[in-house]
Each structure stands twice: as structure tokens, then as C-alpha cells.
Amino acid sequence: MTAQSSKAPVRRPDAGALTRAQRWGRRAPLLPALLFVIALTQVPFLFTVYYSTQGRNLLRPDSGEFVGLANYAKVLAEPHFRNAVANTVVLTVSAVALSMLLGIALAVLLDQRFAGRAVVRTMLITPFLVMPAAAALLWKTSMYHPVFGLVNWALSPFGISADWVSQYPLLSIIAVLTWQWTPFMMLIVLAGLQSQSPEVLEAARVDGAGSWATFRRVTFPHLRRFIELGILLGTIYVVQTFDAIFMITQGGPGQASTNLPYFIYLQAFRAFDVGEAAAAGVIVVAATIAIAMFALRVISNLFEEES
Amino acid sequence: MFIPLRRPGLAAAAAGALLTATACAGAGGGGGAERTVTIATVANPQMQDIEELAGKFSEQHPDIDVQFVTLPENQLRDRVTQDIATQGGQYDIVTVGTYEAPIWAENGWLVSLEEYAGQGDYDVDDLVPAVREALSYDGELYAAPFYGESSFMMYRTDLFDEAGLEMPPQPTWKDIAGFAEELHAPDDDVAGICMRGLPGWGELLAPLNTVILTHGGQWYDEDWNAHLDSPETQEAVELYVDLLRDYGQQGAPNDGFTECLTTMAQGNAAMFYDATVAAGLLEDPESSNVTGQIGYAPAPVAETDHAGWLWAWSMAVPSTSSDPDAAWEFISWATSKEYISLVGEELGWERVPPGSRMSTYSKPEYQSAAEKFASATLEAIENVDVHQPGLHPQPWTGVQYVAIPEFQDLGTKVSQEISAAIAGQQSVEKALEKSQRYAESTAESGGYRD
């Protein structure tokens with residue numbers, strides 16, 4: 001300690017204690033990893049950007065000229081694309097909102113002590129553990145089927161019977177997504193509930209607050225950041241929904257349930273139009289990044305509050 | 001099976017197959033094989049049989065190691081198309097249908113099999129003529145048929161008897177509509193007729209196209225003018241849509257081949273218009289409740305004499321193959337008369353790949369195992385005219401599709417519109433109006449019309 005202080009007389013306040021060479025000496029071992037990450041994450045994207053400027057159709061060996069931004073113009077002008085954007089927004093917003101509301105309700109119930117709580121909790125989490133493709137198939141055949149589906153069977157005493165997937169395609173998909181994502185939201189909210197300090201709750205009770213007032217004034221503000229996190233993660237995943245659409249409706253009837261991932265799939269693997277599919281992909285990535293930026297900002301707020 | 005957009009559920013179930021891309025055969029021991037043949041094939045029962053039997057091939061050809069990559073239909077098409085179009089060269093043999101063979105041949109993606117097939121005792125003249133023609137381009141054979149199929153009407157003889165109805169030897173769509181009305185009994189969970197309504201060029205459009213063609217409708221005329229809004233096409237599509245809406249199975253817009261097959265096999269439909277390959281499955285007591293109660297009639301007609309479609313799963317050699325000779329060795333074994341006998345003897349005669357070779361139908365063992373549907377299948381296939389299936393000449397070869405690369409996209413879009421009409425979300429007229437626009441813009445952007 002003493003020796004060091006005599007050799008290094010003054011600490012420069014702005015640049016820390018390291019010289020330029022020392023700084024690089026610390027960074028150097030990390031550089032290969034950094035390059036690897038950049039290559040892994042950015043190179044495919046750069047290729048996509050490159051392909052989005054090519055008029056390339058896999059089924060036509062002679063195609064592949066540079067077309068500038070024509071693919072973007074085509075995609076944006078395409079009514080099917082705009083329809084897919086609208087469907088994606090409707091799907092995502094409703095599925096996330098519904099599963100969050102249900103998740104909060106279930107989490108509040110599960111926060112109570114009752115016999116068999118562990119069993120109930122496990123059963124409630126199960127939908128999230130089912131593979132999305134399997135879940136979609138399950139819903140298509142055993143829930144929605146107009147003849148032997150459970151939904152119609154359960155509703156038959158009320159005189160309600162419908163061909164759900166054909167008549168209400170978006171609603172059917174939203175129900176499946178809500179079923180799948182509610183457990184996730186529930187888990188996050190439950191974690192929030194259980195991290196409440198019992199002293200505060202007790203203090204509230206001592207102050208004479210009823211349970212509703214306690215929930216609204218104490219619990220809910222505490223839960224807010226957990227809810228934000230759940231909405232954020234849920235949104236990022238639900239935007240990418242493909243399995244349910246592919247399995248249950250194939251984007252139909254008509255275009256009624258085609259969302260962005262399914263639209264891109266059709267462009268790439270029905271039309272084999274690499275250029276347009278890439279352009280659509282780039283547009284979606286840009287939009288997702290915009291959402292993610294917003295999202296990350298919310299999370300980082302969260303972390304700040306935490307520390 | 002002709003179900004390019006097969007039930008997604010199966011695709012998922014078969015996704016396991018994707019992971020178990022089986023490395024089979026080859027284990028001839030000893031010196032080890034010097035030549036490798038990689039075959040991309042579709043996860044259908046007959047193709048799985050061939051994996052099982054490939055050991056016999058290895059016994060005869062110890063120098064050739066055969067690797068199977070088995071994929072569900074959709075993934076197969078996606079992967080093989082990508083591989084060939086990008087000159088990837090992963091596969092020495094690819095499994096293609098009658099739609100791909102001529103298009104890919106024209107692109108120069110496939111090796112002509114004409115010379116190979118003429119040699120030795122392959123007996124190319126034994127191939128079912130309509131199938132051979134559909135797999136040829138410019139008079140040369142580009143793919144060897146593994147099995148072939150057409151479409152016909154399957155109906156419940158018990159329900160027909162009960163109602164005192166009789167299926168004529170060649171039903172018209174008018175007859176069928178009458179029967180459907182008579183036999184429709186939703187309270188007993190029996191639909192008058194089951195047909196595909198699931199979007200997809202290989203789903204809904206396959207049966208519907210035969211209805212359009214027999215009514216005198218068409219997709220394009222010889223100058224590539226689209227005719228999807230013509231009165232004939234409209235009449236045909238309206239018939240199909242009305243039939244499904246009034247007397248069809250519930251949930252029709254989401255039913256493809258597999259769903260309809262299940263509906264029929266469980267006894268929930270009186271009639272079922274689909275692929276001839278369904279017959280073998282409906283007669284199998286393991287998968288069907290209605291064995292022995294099914295009658296078979298030719299595809300219903302309106303203006304033409306015959307109306308069935310034509311499809312054949314076939315093996316072709318991509319031009320990127322590093323060893324076309326070895327590939328042919330395997331293909332000639334897998335599509336030979338001897339292979340058909342081998343399946344019959346080892347696995348049972350009802351499992352023989354149908355519709356590829358004429359000689360199959362003169363084998364007494366096959367005749368007795370498949371007596372109910374064998375001749376109906378062969379007749380349906382033989383009656384197909386792949387050059388002019390409808391009333392009008394068409395500038396491509398094929399029945400239930402337009403043989404241009406853009407059709408996968410165009411067909412998918414059109415089928416979505418019609419599926420929406422079946423769901424009652426729009427009128428047939430509106431659906432065809434949009435379809436006509438898609439077809440016109442495809443003809444222009446594809447450079448078929450100026």
C-alpha cells in the first residue's frame with residue numbers, strides 16, 4: 001500500500017488507473033468472443049439485408065439481379081402484408097393483455113395458503129410446458145372440433161354451438177395463446193407477490209386498510225414492475241407465434257389469421273421468393289428492435305429501482 | 001399420398017422423423033462401401049417400407065451405401081427445393097411428384113433417366129403410361145414412379161342401401177349433390193359428403209380443380225389469359241362450396257386429406273371424394289370402422305368423360321449428384337417389378353406401392369388382396385389425360401395444378417380465398433374475383449404474358 005502510493009503519485013480522476021496498453025491488455029482476451037458474437041448475430045442479418053435487395057426466386061435459376069429497394073416497396077404495398085401486421089398487433093395485444101389479467105388473478109389466489117396448493121400450482125403451470133405445436137394440435141382437435149370438441153360440448157347446455165376456428169379464427173388463436181401464456185404471467189406475478197415484505201402488509205392491516213385497499217395501494221404498486229416485465233417478455237414471444245397459426249388455421253380462412261411470421265413463411269416457402277421474404281423479414285426485425293428498445297428501457301428502469 | 005399441405009399435426013408428429021433421418025442399410029459388413037447414395041424421401045408408409053427392405057439392396061450392391069433422409073412432405077419439398085435451387089448437392093436422389101418433375105427438368109435441375117431406363121431389364125414400357133407421361137419433359141423421362149394415384153368417390157354402401165339409393169357407374173356432380181342432400185344427417189353425426197376445405201395448393205385445390213375442369217372451367221387458356229372468373233369456373237366452385245356448406249362435414253374449412261380420412265374412417269360421412277390411396281387405409285381394420293362397407297365410383301363428372309387427378313411420388317436424380325450411376329442403381333431397384341414382389345412377399349400384398357407399374361395389376365396375389373379398389377384405382381389413373389384434362393387445351397402438363405413454379409404461391413392464395421368462402425366469410429364471386437387478379441398478376445410477373 002505504501003509502496004504503491006509512493007510510485008503512483010496522482011490518480012487522474014477522469015481516466016481511472018489504467019494506461020491505454022493496460023486497458024487493451026484486459027480487453028484482448030475478450031475480443032475473440034466478441035467477434036464471434038458479432039459474426040453469429042450479425043452476419044445472417046447482413047445476408048438477409050443483402051437478399052432483400054435481390055430479385056431472386058429460387059424456382060427460377062436465372063433470377064437474381066439487384067433491384068434496390070423494390071422488394072420493400074412491393075412488400076409494403078401488398079395488402080396481405082398490411083393485413084398480417086394488423087393481425088399480429090391484434091393477436092399480440094389481446095393475448096398478452098388477457099393472459100396478464102388471468103395471470104394476476106391466479107397468482108393472487110395461489111398466494112393464499114390452502115391444502116393442495118403445490119398440486120394446483122403444478123397443474124396451472126402445465127400449459128406453459130406443453131410444446132406449442134402439440135398444444136395447437138390439442139386445441140384444434142379436442143377443443144375446437146365442431147363435432148367432438150370439448151368447447152361445444154361444454155357450451156351446449158347454453159345452446160351455444162359454433163365452428164370456432166372457421167367462424168372466429170383470430171379469437172380461437174388468441175384463446176390458445178392466452179391458455180399458453182397465462183402460466184408464465186402467473187409465475188412472474190407470483191414471484192412479485194411473494195417478494196412483498198410481510199411487515200408492510202402487516203402495517204397496512206394495523207392502519208386499518210381492508211384487503212382491497214391494501215391490494216390497490218400497496219401490492220399493486222409493488223407488482224407493477226413485475227407486470228411490466230411479464231408484458232414485455234410475453235410480447236416479444238407472442239409476436240413470433242407461428243405454431244398455432246400453422247397448425248390450426250393455416251392463416252385462414254382467407255387471410256383472417258395470417259400473422260407476420262406466417263406471411264414470411266408463405267413468401268419464403270410457397271412462393272420461394274427470397275427477395276420479398278427477406279425484405280419482409282428485415283421490416284419485422286426493424287419493428288421488433290423498436291419494440292425491444294422500448295422494452296429494454298423499461299427493464300433497465302426496473303433494475304435501477306431495484307438497486 | 002398427394003397431400004403437399006398435409007395436416008400440420010402430422011407434420012409435427014413426423015417432425016420426429018426429421019430428427020431420425022435414418023442411416024440405413026449399407027451394413028453389408030466387410031470391406032465397407034465406396035459409394036454413397038443419399039436419398040431424400042417423404043415420410044409416407046410406402047417409403048418407410050423401402051427403408052426396411054433396403055438391406056436386400058445392399059446385399060446385391062455391397063459397394064453402395066444408401067443413406068435415407070426421411071422428412072414430412074412439407075419439409076421435404078422446402079428442403080429439396082432449397083438444396084437443388086442453390087446447387088447444394090446434398091442428395092443423390094430426391095423424391096418429387098408430377099408437379100415438380102417437368103418444371104425441374106426444364107430448369108436443368110434433374111438428370112434425364114431416359115437412357116438409363118432403356119437399358120437392362122428395367123422394362124420402362126411397363127410403367128403406367130399416364131404416370132410416365134406426367135414425369136416426362138420433352139419426351140424424356142426425368143423421374144421414376146414409386147407409386148401413383150388418382151382420385152375417386154368412396155361411398156358407404158350400407159347407407160346407400162338403407163336409403164334405397166344406387167351409385168351409378170359414372171356419377172355426375174348433380175347425382176352426388178342429390179345423394180349428399182339425401183344422406184346428410186347431422187343429428188346422427190353423418191355428413192352427406194366429406195371433402196377438403198383446408199387452404200393449400202395441394203389440399204383444397206386438388207379435388208376442387210378436378211371439379212373446375214370437368215365443368216369446363218380453367219385457370220389459363222393457351223395464351224395465359226386467366227379464366228378464374230369465367231361462368232364455368234364459378235359454377236364449379238359454387239357447386240363445391242355449396243355442397244360443403246349445406247351437406248359437408250362440420251369444420252370443413254380446416255379439414256384436409258387426413259381429417260377427411262379420419263371422418264370417413266370413423267363413419268361420420270356418407271361419401272368421400274379424394275385420393276385413391278385412401279382406399280387402402282379405409283379397408284384396413286386397424287385404422288377404420290367401416291371396412292367392407294365402402295364402394296368405389298369414378299370421380300364425378302359434369303361436361304367431361306373423366307375427372308380424376310393424377311399424382312405420383314417418384315425418384316429423380318438431381319444434376320448436382322456426385323454419382324448418378326449409383327443413384328440409378330438404387331432407383332432401378334426401388335421402382336422395379338422385383339421390388340413390388342418383394343414388398344408383397346415380405347410385408348403383405350396390400351402394402352404394395354400402387355399405380356406405378358401395369359404388371360402389378362396382373363399379379364394374382366395383388367388382385368385378391370386389393371380386389372375392391374385395385375381395378376378402380378388403375379382405371380382412374382389410366383383415364384387421366386394429363387395434357388388436356390378439361391374441355392380446353394392448356395399450355396402445361398398436369399391435372400390438379402398449373403405446372404409453373406409460381407403455382408405454389410398462386411394456388412395457396414387462391415385456396416385461402418375459397419376456403420374463406422367455405423367458411424362463409426365471403427361469397428364465391430368475391431373469392432374468384434380476387435383469385436382472378438392473383439392469376440393475372442402471376443401471368444404477368446412470371447413473364448408468361450406480355
# chains A, B, ... in the order shown; residues from 1 in each chain; ligands from 1
>>> select_by_dssp(residues="region 53-207 of chain A", states="helix (DSSP H, G or I)", output="PyMOL selection string")
chain A and resi 70-77+79-111+117-129+132-143+150-158+164-167+169-194+198-206
>>> closest_atom_pairs(of="chain B", to="chain A", cutoff="7 Å", atoms="only C-alpha atoms", output="CSV")
residue,atom,partner,partner_atom,distance
B:Pro8,CA,A:Met247,CA,5.0
B:Gly9,CA,A:Leu137,CA,5.9
B:Ala12,CA,A:Ala133,CA,6.8
B:Asp78,CA,A:Phe269,CA,6.1
B:Ala85,CA,A:Leu58,CA,5.6
B:Asn107,CA,A:Pro61,CA,6.7
B:Pro199,CA,A:Gln250,CA,6.8
B:Gln250,CA,A:Pro146,CA,5.9
B:Gly251,CA,A:Asp163,CA,5.8
B:Pro253,CA,A:Ser166,CA,6.4
B:Asn254,CA,A:Thr249,CA,6.5
B:Pro405,CA,A:Leu59,CA,5.9
B:Glu406,CA,A:Ala271,CA,6.3
B:Gln408,CA,A:Arg270,CA,5.3
B:Asp409,CA,A:Ala271,CA,4.5
B:Gln416,CA,A:Gly254,CA,4.3
B:Glu417,CA,A:Gly254,CA,4.6
B:Ser419,CA,A:Pro253,CA,5.5
B:Ala420,CA,A:Pro253,CA,4.3
B:Ala423,CA,A:Ser166,CA,5.5
>>> residues_around(residues="Lys430 (chain B)", least_positions_apart="2", cutoff="10 Å", atoms="only C-alpha atoms", output="PDB file with all heavy atoms, in the first residue's frame")
ATOM      1  N   ASP B 229     -62.587 -16.250 -63.363  1.00  0.00           N
ATOM      2  CA  ASP B 229     -63.895 -15.630 -63.142  1.00  0.00           C
ATOM      3  C   ASP B 229     -64.884 -16.015 -64.235  1.00  0.00           C
ATOM      4  O   ASP B 229     -65.943 -15.418 -64.341  1.00  0.00           O
ATOM      5  CB  ASP B 229     -63.746 -14.108 -63.043  1.00  0.00           C
ATOM      6  CG  ASP B 229     -63.110 -13.509 -64.278  1.00  0.00           C
ATOM      7  OD1 ASP B 229     -62.676 -14.291 -65.167  1.00  0.00           O
ATOM      8  OD2 ASP B 229     -63.031 -12.271 -64.369  1.00  0.00           O
ATOM      9  N   GLU B 417     -58.635 -17.932 -50.397  1.00  0.00           N
ATOM     10  CA  GLU B 417     -59.865 -17.191 -50.674  1.00  0.00           C
ATOM     11  C   GLU B 417     -61.066 -18.134 -50.717  1.00  0.00           C
ATOM     12  O   GLU B 417     -62.133 -17.838 -50.182  1.00  0.00           O
ATOM     13  CB  GLU B 417     -59.756 -16.438 -52.010  1.00  0.00           C
ATOM     14  CG  GLU B 417     -58.634 -15.398 -52.071  1.00  0.00           C
ATOM     15  CD  GLU B 417     -58.780 -14.304 -51.018  1.00  0.00           C
ATOM     16  OE1 GLU B 417     -59.897 -14.121 -50.502  1.00  0.00           O
ATOM     17  OE2 GLU B 417     -57.773 -13.637 -50.712  1.00  0.00           O
ATOM     18  N   ILE B 418     -60.870 -19.283 -51.361  1.00  0.00           N
ATOM     19  CA  ILE B 418     -62.007 -20.202 -51.481  1.00  0.00           C
ATOM     20  C   ILE B 418     -62.341 -20.826 -50.133  1.00  0.00           C
ATOM     21  O   ILE B 418     -63.510 -21.021 -49.800  1.00  0.00           O
ATOM     22  CB  ILE B 418     -61.712 -21.254 -52.569  1.00  0.00           C
ATOM     23  CG1 ILE B 418     -61.670 -20.535 -53.911  1.00  0.00           C
ATOM     24  CG2 ILE B 418     -62.790 -22.338 -52.581  1.00  0.00           C
ATOM     25  CD1 ILE B 418     -61.210 -21.351 -55.057  1.00  0.00           C
ATOM     26  N   ALA B 421     -64.545 -18.662 -48.450  1.00  0.00           N
ATOM     27  CA  ALA B 421     -65.922 -18.773 -48.949  1.00  0.00           C
ATOM     28  C   ALA B 421     -66.605 -19.979 -48.311  1.00  0.00           C
ATOM     29  O   ALA B 421     -67.780 -19.921 -47.953  1.00  0.00           O
ATOM     30  CB  ALA B 421     -65.927 -18.897 -50.471  1.00  0.00           C
ATOM     31  N   GLN B 426     -66.961 -14.902 -47.139  1.00  0.00           N
ATOM     32  CA  GLN B 426     -67.153 -14.093 -48.338  1.00  0.00           C
ATOM     33  C   GLN B 426     -67.865 -14.942 -49.382  1.00  0.00           C
ATOM     34  O   GLN B 426     -67.939 -16.162 -49.255  1.00  0.00           O
ATOM     35  CB  GLN B 426     -65.813 -13.572 -48.874  1.00  0.00           C
ATOM     36  CG  GLN B 426     -64.857 -14.665 -49.316  1.00  0.00           C
ATOM     37  CD  GLN B 426     -63.538 -14.109 -49.822  1.00  0.00           C
ATOM     38  OE1 GLN B 426     -63.384 -12.916 -49.976  1.00  0.00           O
ATOM     39  NE2 GLN B 426     -62.593 -14.970 -50.095  1.00  0.00           N
ATOM     40  N   SER B 427     -68.375 -14.273 -50.419  1.00  0.00           N
ATOM     41  CA  SER B 427     -69.089 -15.020 -51.444  1.00  0.00           C
ATOM     42  C   SER B 427     -68.084 -15.667 -52.387  1.00  0.00           C
ATOM     43  O   SER B 427     -66.931 -15.247 -52.477  1.00  0.00           O
ATOM     44  CB  SER B 427     -69.998 -14.079 -52.230  1.00  0.00           C
ATOM     45  OG  SER B 427     -69.211 -13.153 -52.942  1.00  0.00           O
ATOM     46  N   VAL B 428     -68.538 -16.690 -53.090  1.00  0.00           N
ATOM     47  CA  VAL B 428     -67.685 -17.332 -54.088  1.00  0.00           C
ATOM     48  C   VAL B 428     -67.272 -16.315 -55.147  1.00  0.00           C
ATOM     49  O   VAL B 428     -66.128 -16.284 -55.604  1.00  0.00           O
ATOM     50  CB  VAL B 428     -68.427 -18.525 -54.732  1.00  0.00           C
ATOM     51  CG1 VAL B 428     -67.685 -19.024 -55.954  1.00  0.00           C
ATOM     52  CG2 VAL B 428     -68.607 -19.636 -53.725  1.00  0.00           C
ATOM     53  N   LEU B 432     -63.480 -15.485 -56.174  1.00  0.00           N
ATOM     54  CA  LEU B 432     -62.949 -15.707 -57.524  1.00  0.00           C
ATOM     55  C   LEU B 432     -62.492 -14.414 -58.170  1.00  0.00           C
ATOM     56  O   LEU B 432     -61.571 -14.410 -58.981  1.00  0.00           O
ATOM     57  CB  LEU B 432     -63.997 -16.406 -58.393  1.00  0.00           C
ATOM     58  CG  LEU B 432     -64.202 -17.884 -58.020  1.00  0.00           C
ATOM     59  CD1 LEU B 432     -65.318 -18.485 -58.851  1.00  0.00           C
ATOM     60  CD2 LEU B 432     -62.916 -18.674 -58.211  1.00  0.00           C
ATOM     61  N   GLU B 433     -63.141 -13.323 -57.802  1.00  0.00           N
ATOM     62  CA  GLU B 433     -62.699 -12.019 -58.304  1.00  0.00           C
ATOM     63  C   GLU B 433     -61.247 -11.778 -57.880  1.00  0.00           C
ATOM     64  O   GLU B 433     -60.402 -11.409 -58.677  1.00  0.00           O
ATOM     65  CB  GLU B 433     -63.578 -10.941 -57.661  1.00  0.00           C
ATOM     66  CG  GLU B 433     -64.213  -9.971 -58.596  1.00  0.00           C
ATOM     67  CD  GLU B 433     -65.214  -9.134 -57.814  1.00  0.00           C
ATOM     68  OE1 GLU B 433     -64.783  -8.358 -56.932  1.00  0.00           O
ATOM     69  OE2 GLU B 433     -66.438  -9.297 -58.064  1.00  0.00           O
ATOM     70  N   LYS B 434     -60.988 -11.999 -56.593  1.00  0.00           N
ATOM     71  CA  LYS B 434     -59.617 -11.809 -56.089  1.00  0.00           C
ATOM     72  C   LYS B 434     -58.678 -12.818 -56.739  1.00  0.00           C
ATOM     73  O   LYS B 434     -57.564 -12.473 -57.144  1.00  0.00           O
ATOM     74  CB  LYS B 434     -59.582 -11.996 -54.576  1.00  0.00           C
ATOM     75  CG  LYS B 434     -60.262 -10.880 -53.806  1.00  0.00           C
ATOM     76  CD  LYS B 434     -59.960 -11.040 -52.323  1.00  0.00           C
ATOM     77  CE  LYS B 434     -61.121 -10.573 -51.474  1.00  0.00           C
ATOM     78  NZ  LYS B 434     -61.054 -11.078 -50.101  1.00  0.00           N
ATOM     79  N   SER B 435     -59.127 -14.059 -56.828  1.00  0.00           N
ATOM     80  CA  SER B 435     -58.289 -15.104 -57.416  1.00  0.00           C
ATOM     81  C   SER B 435     -57.902 -14.744 -58.845  1.00  0.00           C
ATOM     82  O   SER B 435     -56.767 -14.955 -59.278  1.00  0.00           O
ATOM     83  CB  SER B 435     -59.031 -16.433 -57.419  1.00  0.00           C
ATOM     84  OG  SER B 435     -59.440 -16.762 -56.128  1.00  0.00           O
ATOM     85  N   GLN B 436     -58.861 -14.213 -59.577  1.00  0.00           N
ATOM     86  CA  GLN B 436     -58.596 -13.815 -60.954  1.00  0.00           C
ATOM     87  C   GLN B 436     -57.472 -12.778 -60.992  1.00  0.00           C
ATOM     88  O   GLN B 436     -56.566 -12.850 -61.821  1.00  0.00           O
ATOM     89  CB  GLN B 436     -59.887 -13.249 -61.559  1.00  0.00           C
ATOM     90  CG  GLN B 436     -59.729 -12.600 -62.926  1.00  0.00           C
ATOM     91  CD  GLN B 436     -59.523 -13.623 -64.027  1.00  0.00           C
ATOM     92  OE1 GLN B 436     -59.592 -14.827 -63.805  1.00  0.00           O
ATOM     93  NE2 GLN B 436     -59.239 -13.141 -65.234  1.00  0.00           N
TER      94      GLN B 436
END
>>> select_by_dssp(residues="region 16-227 of chain A", states="strand (DSSP E)", output="ChimeraX atom specification")
/A:54-55,65-66
>>> residues_around(residues="region 311-317 of chain B", least_positions_apart="5", cutoff="6 Å", atoms="only C-alpha atoms", output="VMD selection string")
chain B and resid 92 to 98 110 to 111 143 to 149
>>> write_last_selection(atoms="N, CA, C and O atoms", output="short mmCIF file (atom, residue, chain, number, x, y, z; two decimals), in the first residue's frame")
data_model
loop_
_atom_site.label_atom_id
_atom_site.label_comp_id
_atom_site.auth_asym_id
_atom_site.auth_seq_id
_atom_site.Cartn_x
_atom_site.Cartn_y
_atom_site.Cartn_z
N ASP B 92 -28.43 -37.39 -53.60
CA ASP B 92 -28.21 -38.05 -54.88
C ASP B 92 -29.52 -38.49 -55.50
O ASP B 92 -29.61 -38.71 -56.70
N ILE B 93 -30.53 -38.67 -54.63
CA ILE B 93 -31.86 -39.00 -55.12
C ILE B 93 -32.85 -38.13 -54.35
O ILE B 93 -32.75 -38.00 -53.14
N VAL B 94 -33.78 -37.51 -55.08
CA VAL B 94 -34.81 -36.74 -54.40
C VAL B 94 -36.17 -37.31 -54.78
O VAL B 94 -36.36 -37.82 -55.88
N THR B 95 -37.10 -37.22 -53.83
CA THR B 95 -38.44 -37.70 -54.08
C THR B 95 -39.29 -36.52 -54.52
O THR B 95 -39.42 -35.54 -53.78
N VAL B 96 -39.83 -36.59 -55.72
CA VAL B 96 -40.63 -35.48 -56.25
C VAL B 96 -41.94 -36.02 -56.79
O VAL B 96 -42.12 -37.23 -56.93
N GLY B 97 -42.86 -35.11 -57.09
CA GLY B 97 -44.15 -35.51 -57.64
C GLY B 97 -44.27 -35.13 -59.10
O GLY B 97 -43.31 -34.64 -59.71
N THR B 98 -45.46 -35.32 -59.64
CA THR B 98 -45.64 -34.98 -61.05
C THR B 98 -45.58 -33.47 -61.27
O THR B 98 -45.32 -33.03 -62.38
N LEU B 110 -32.53 -31.70 -63.05
CA LEU B 110 -32.61 -33.16 -62.94
C LEU B 110 -31.84 -33.83 -64.07
O LEU B 110 -31.73 -33.29 -65.17
N VAL B 111 -31.33 -35.03 -63.78
CA VAL B 111 -30.65 -35.83 -64.79
C VAL B 111 -31.71 -36.62 -65.56
O VAL B 111 -32.59 -37.22 -64.95
N ALA B 143 -38.11 -38.80 -63.96
CA ALA B 143 -38.29 -39.35 -62.61
C ALA B 143 -38.97 -40.70 -62.74
O ALA B 143 -39.81 -40.89 -63.63
N ALA B 144 -38.59 -41.64 -61.88
CA ALA B 144 -39.17 -42.98 -61.94
C ALA B 144 -40.25 -43.09 -60.86
O ALA B 144 -40.00 -42.79 -59.70
N PRO B 145 -41.46 -43.51 -61.24
CA PRO B 145 -42.57 -43.51 -60.29
C PRO B 145 -42.43 -44.59 -59.23
O PRO B 145 -42.13 -45.73 -59.55
N PHE B 146 -42.63 -44.20 -57.98
CA PHE B 146 -42.61 -45.16 -56.89
C PHE B 146 -44.04 -45.64 -56.63
O PHE B 146 -44.30 -46.81 -56.49
N TYR B 147 -44.97 -44.71 -56.49
CA TYR B 147 -46.37 -45.10 -56.59
C TYR B 147 -47.19 -43.97 -57.18
O TYR B 147 -46.80 -42.81 -57.13
N GLY B 148 -48.33 -44.33 -57.76
CA GLY B 148 -49.16 -43.33 -58.42
C GLY B 148 -50.57 -43.37 -57.87
O GLY B 148 -50.99 -44.35 -57.27
N GLU B 149 -51.28 -42.27 -58.07
CA GLU B 149 -52.66 -42.24 -57.58
C GLU B 149 -53.51 -41.32 -58.43
O GLU B 149 -53.01 -40.42 -59.11
#
>>> closest_residue(among="A:Leu76, A:Val96, A:Leu30, A:Ile38", to="Pro183 (chain A)", atoms="only C-alpha atoms")
A:Val96
>>> closest_residue(among="B:Pro168, B:Gly178, B:Gly89, B:Asp126", to="Ser362 (chain B)", atoms="only C-alpha atoms")
B:Asp126
>>> atom_distance(atom1="CA of Arg224 (chain A)", atom2="CA of Leu190 (chain A)")
12.2 Å
>>> closest_residue(among="B:Asp221, B:Ala226, B:Ala206, B:Ala270", to="Ile176 (chain B)", atoms="only C-alpha atoms")
B:Ala270
>>> residues_around(residues="Thr304 (chain B)", least_positions_apart="3", cutoff="9 Å", atoms="only C-alpha atoms", output="list in words")
Leu213, Thr214, His215, Gly216, Val301, Ala307, Pro389, Gly390 and Leu391 of chain B
>>> write_last_selection(atoms="N, CA, C and O atoms", output="PDB file, in the first residue's frame")
ATOM      1  N   LEU B 213     -62.334 -28.419 -63.806  1.00  0.00           N
ATOM      2  CA  LEU B 213     -62.013 -28.904 -65.145  1.00  0.00           C
ATOM      3  C   LEU B 213     -63.200 -29.619 -65.786  1.00  0.00           C
ATOM      4  O   LEU B 213     -63.487 -29.416 -66.965  1.00  0.00           O
ATOM      5  N   THR B 214     -63.888 -30.421 -65.009  1.00  0.00           N
ATOM      6  CA  THR B 214     -64.981 -31.180 -65.620  1.00  0.00           C
ATOM      7  C   THR B 214     -66.191 -30.298 -65.933  1.00  0.00           C
ATOM      8  O   THR B 214     -67.026 -30.655 -66.737  1.00  0.00           O
ATOM      9  N   HIS B 215     -66.259 -29.132 -65.313  1.00  0.00           N
ATOM     10  CA  HIS B 215     -67.332 -28.199 -65.652  1.00  0.00           C
ATOM     11  C   HIS B 215     -66.965 -27.301 -66.835  1.00  0.00           C
ATOM     12  O   HIS B 215     -67.734 -26.419 -67.214  1.00  0.00           O
ATOM     13  N   GLY B 216     -65.784 -27.482 -67.366  1.00  0.00           N
ATOM     14  CA  GLY B 216     -65.370 -26.664 -68.496  1.00  0.00           C
ATOM     15  C   GLY B 216     -64.672 -25.389 -68.079  1.00  0.00           C
ATOM     16  O   GLY B 216     -64.434 -24.509 -68.899  1.00  0.00           O
ATOM     17  N   VAL B 301     -68.353 -36.381 -62.726  1.00  0.00           N
ATOM     18  CA  VAL B 301     -68.096 -35.534 -63.890  1.00  0.00           C
ATOM     19  C   VAL B 301     -69.247 -34.565 -64.097  1.00  0.00           C
ATOM     20  O   VAL B 301     -70.308 -34.682 -63.465  1.00  0.00           O
ATOM     21  N   ALA B 307     -62.746 -37.352 -64.714  1.00  0.00           N
ATOM     22  CA  ALA B 307     -62.394 -36.156 -63.953  1.00  0.00           C
ATOM     23  C   ALA B 307     -61.342 -36.384 -62.866  1.00  0.00           C
ATOM     24  O   ALA B 307     -61.104 -35.520 -62.058  1.00  0.00           O
ATOM     25  N   PRO B 389     -56.846 -32.202 -69.477  1.00  0.00           N
ATOM     26  CA  PRO B 389     -57.796 -32.865 -68.582  1.00  0.00           C
ATOM     27  C   PRO B 389     -59.201 -32.267 -68.648  1.00  0.00           C
ATOM     28  O   PRO B 389     -60.170 -32.936 -68.334  1.00  0.00           O
ATOM     29  N   GLY B 390     -59.315 -31.013 -69.063  1.00  0.00           N
ATOM     30  CA  GLY B 390     -60.626 -30.367 -69.098  1.00  0.00           C
ATOM     31  C   GLY B 390     -61.157 -30.283 -70.510  1.00  0.00           C
ATOM     32  O   GLY B 390     -60.828 -31.104 -71.368  1.00  0.00           O
ATOM     33  N   LEU B 391     -61.991 -29.272 -70.760  1.00  0.00           N
ATOM     34  CA  LEU B 391     -62.558 -29.122 -72.094  1.00  0.00           C
ATOM     35  C   LEU B 391     -61.648 -28.310 -73.005  1.00  0.00           C
ATOM     36  O   LEU B 391     -61.776 -28.350 -74.214  1.00  0.00           O
TER      37      LEU B 391
END
>>> residues_around(residues="Met47 (chain B)", least_positions_apart="4", cutoff="12 Å", atoms="only C-alpha atoms", output="PyMOL selection string")
chain B and resi 1+39-43+51-54+68-73+95+146-147+313-315+334-335+343+351-353
>>> residues_around(residues="Ala370 (chain B)", least_positions_apart="6", cutoff="9 Å", atoms="only C-alpha atoms", output="PyMOL selection string")
chain B and resi 280+349-350
>>> write_last_selection(atoms="C-alpha atoms", output="mmCIF file, in the first residue's frame")
data_model
loop_
_atom_site.group_PDB
_atom_site.id
_atom_site.type_symbol
_atom_site.label_atom_id
_atom_site.label_comp_id
_atom_site.auth_asym_id
_atom_site.auth_seq_id
_atom_site.Cartn_x
_atom_site.Cartn_y
_atom_site.Cartn_z
ATOM 1 C CA GLY B 280 -56.181 -48.976 -48.721
ATOM 2 C CA TRP B 349 -49.624 -57.591 -50.772
ATOM 3 C CA GLU B 350 -51.944 -54.782 -49.687
#
>>> atom_distance(atom1="CA of Phe66 (chain A)", atom2="CA of Arg77 (chain B)")
27.0 Å
>>> atom_distance(atom1="CA of Thr219 (chain A)", atom2="CA of Leu193 (chain A)")
7.3 Å
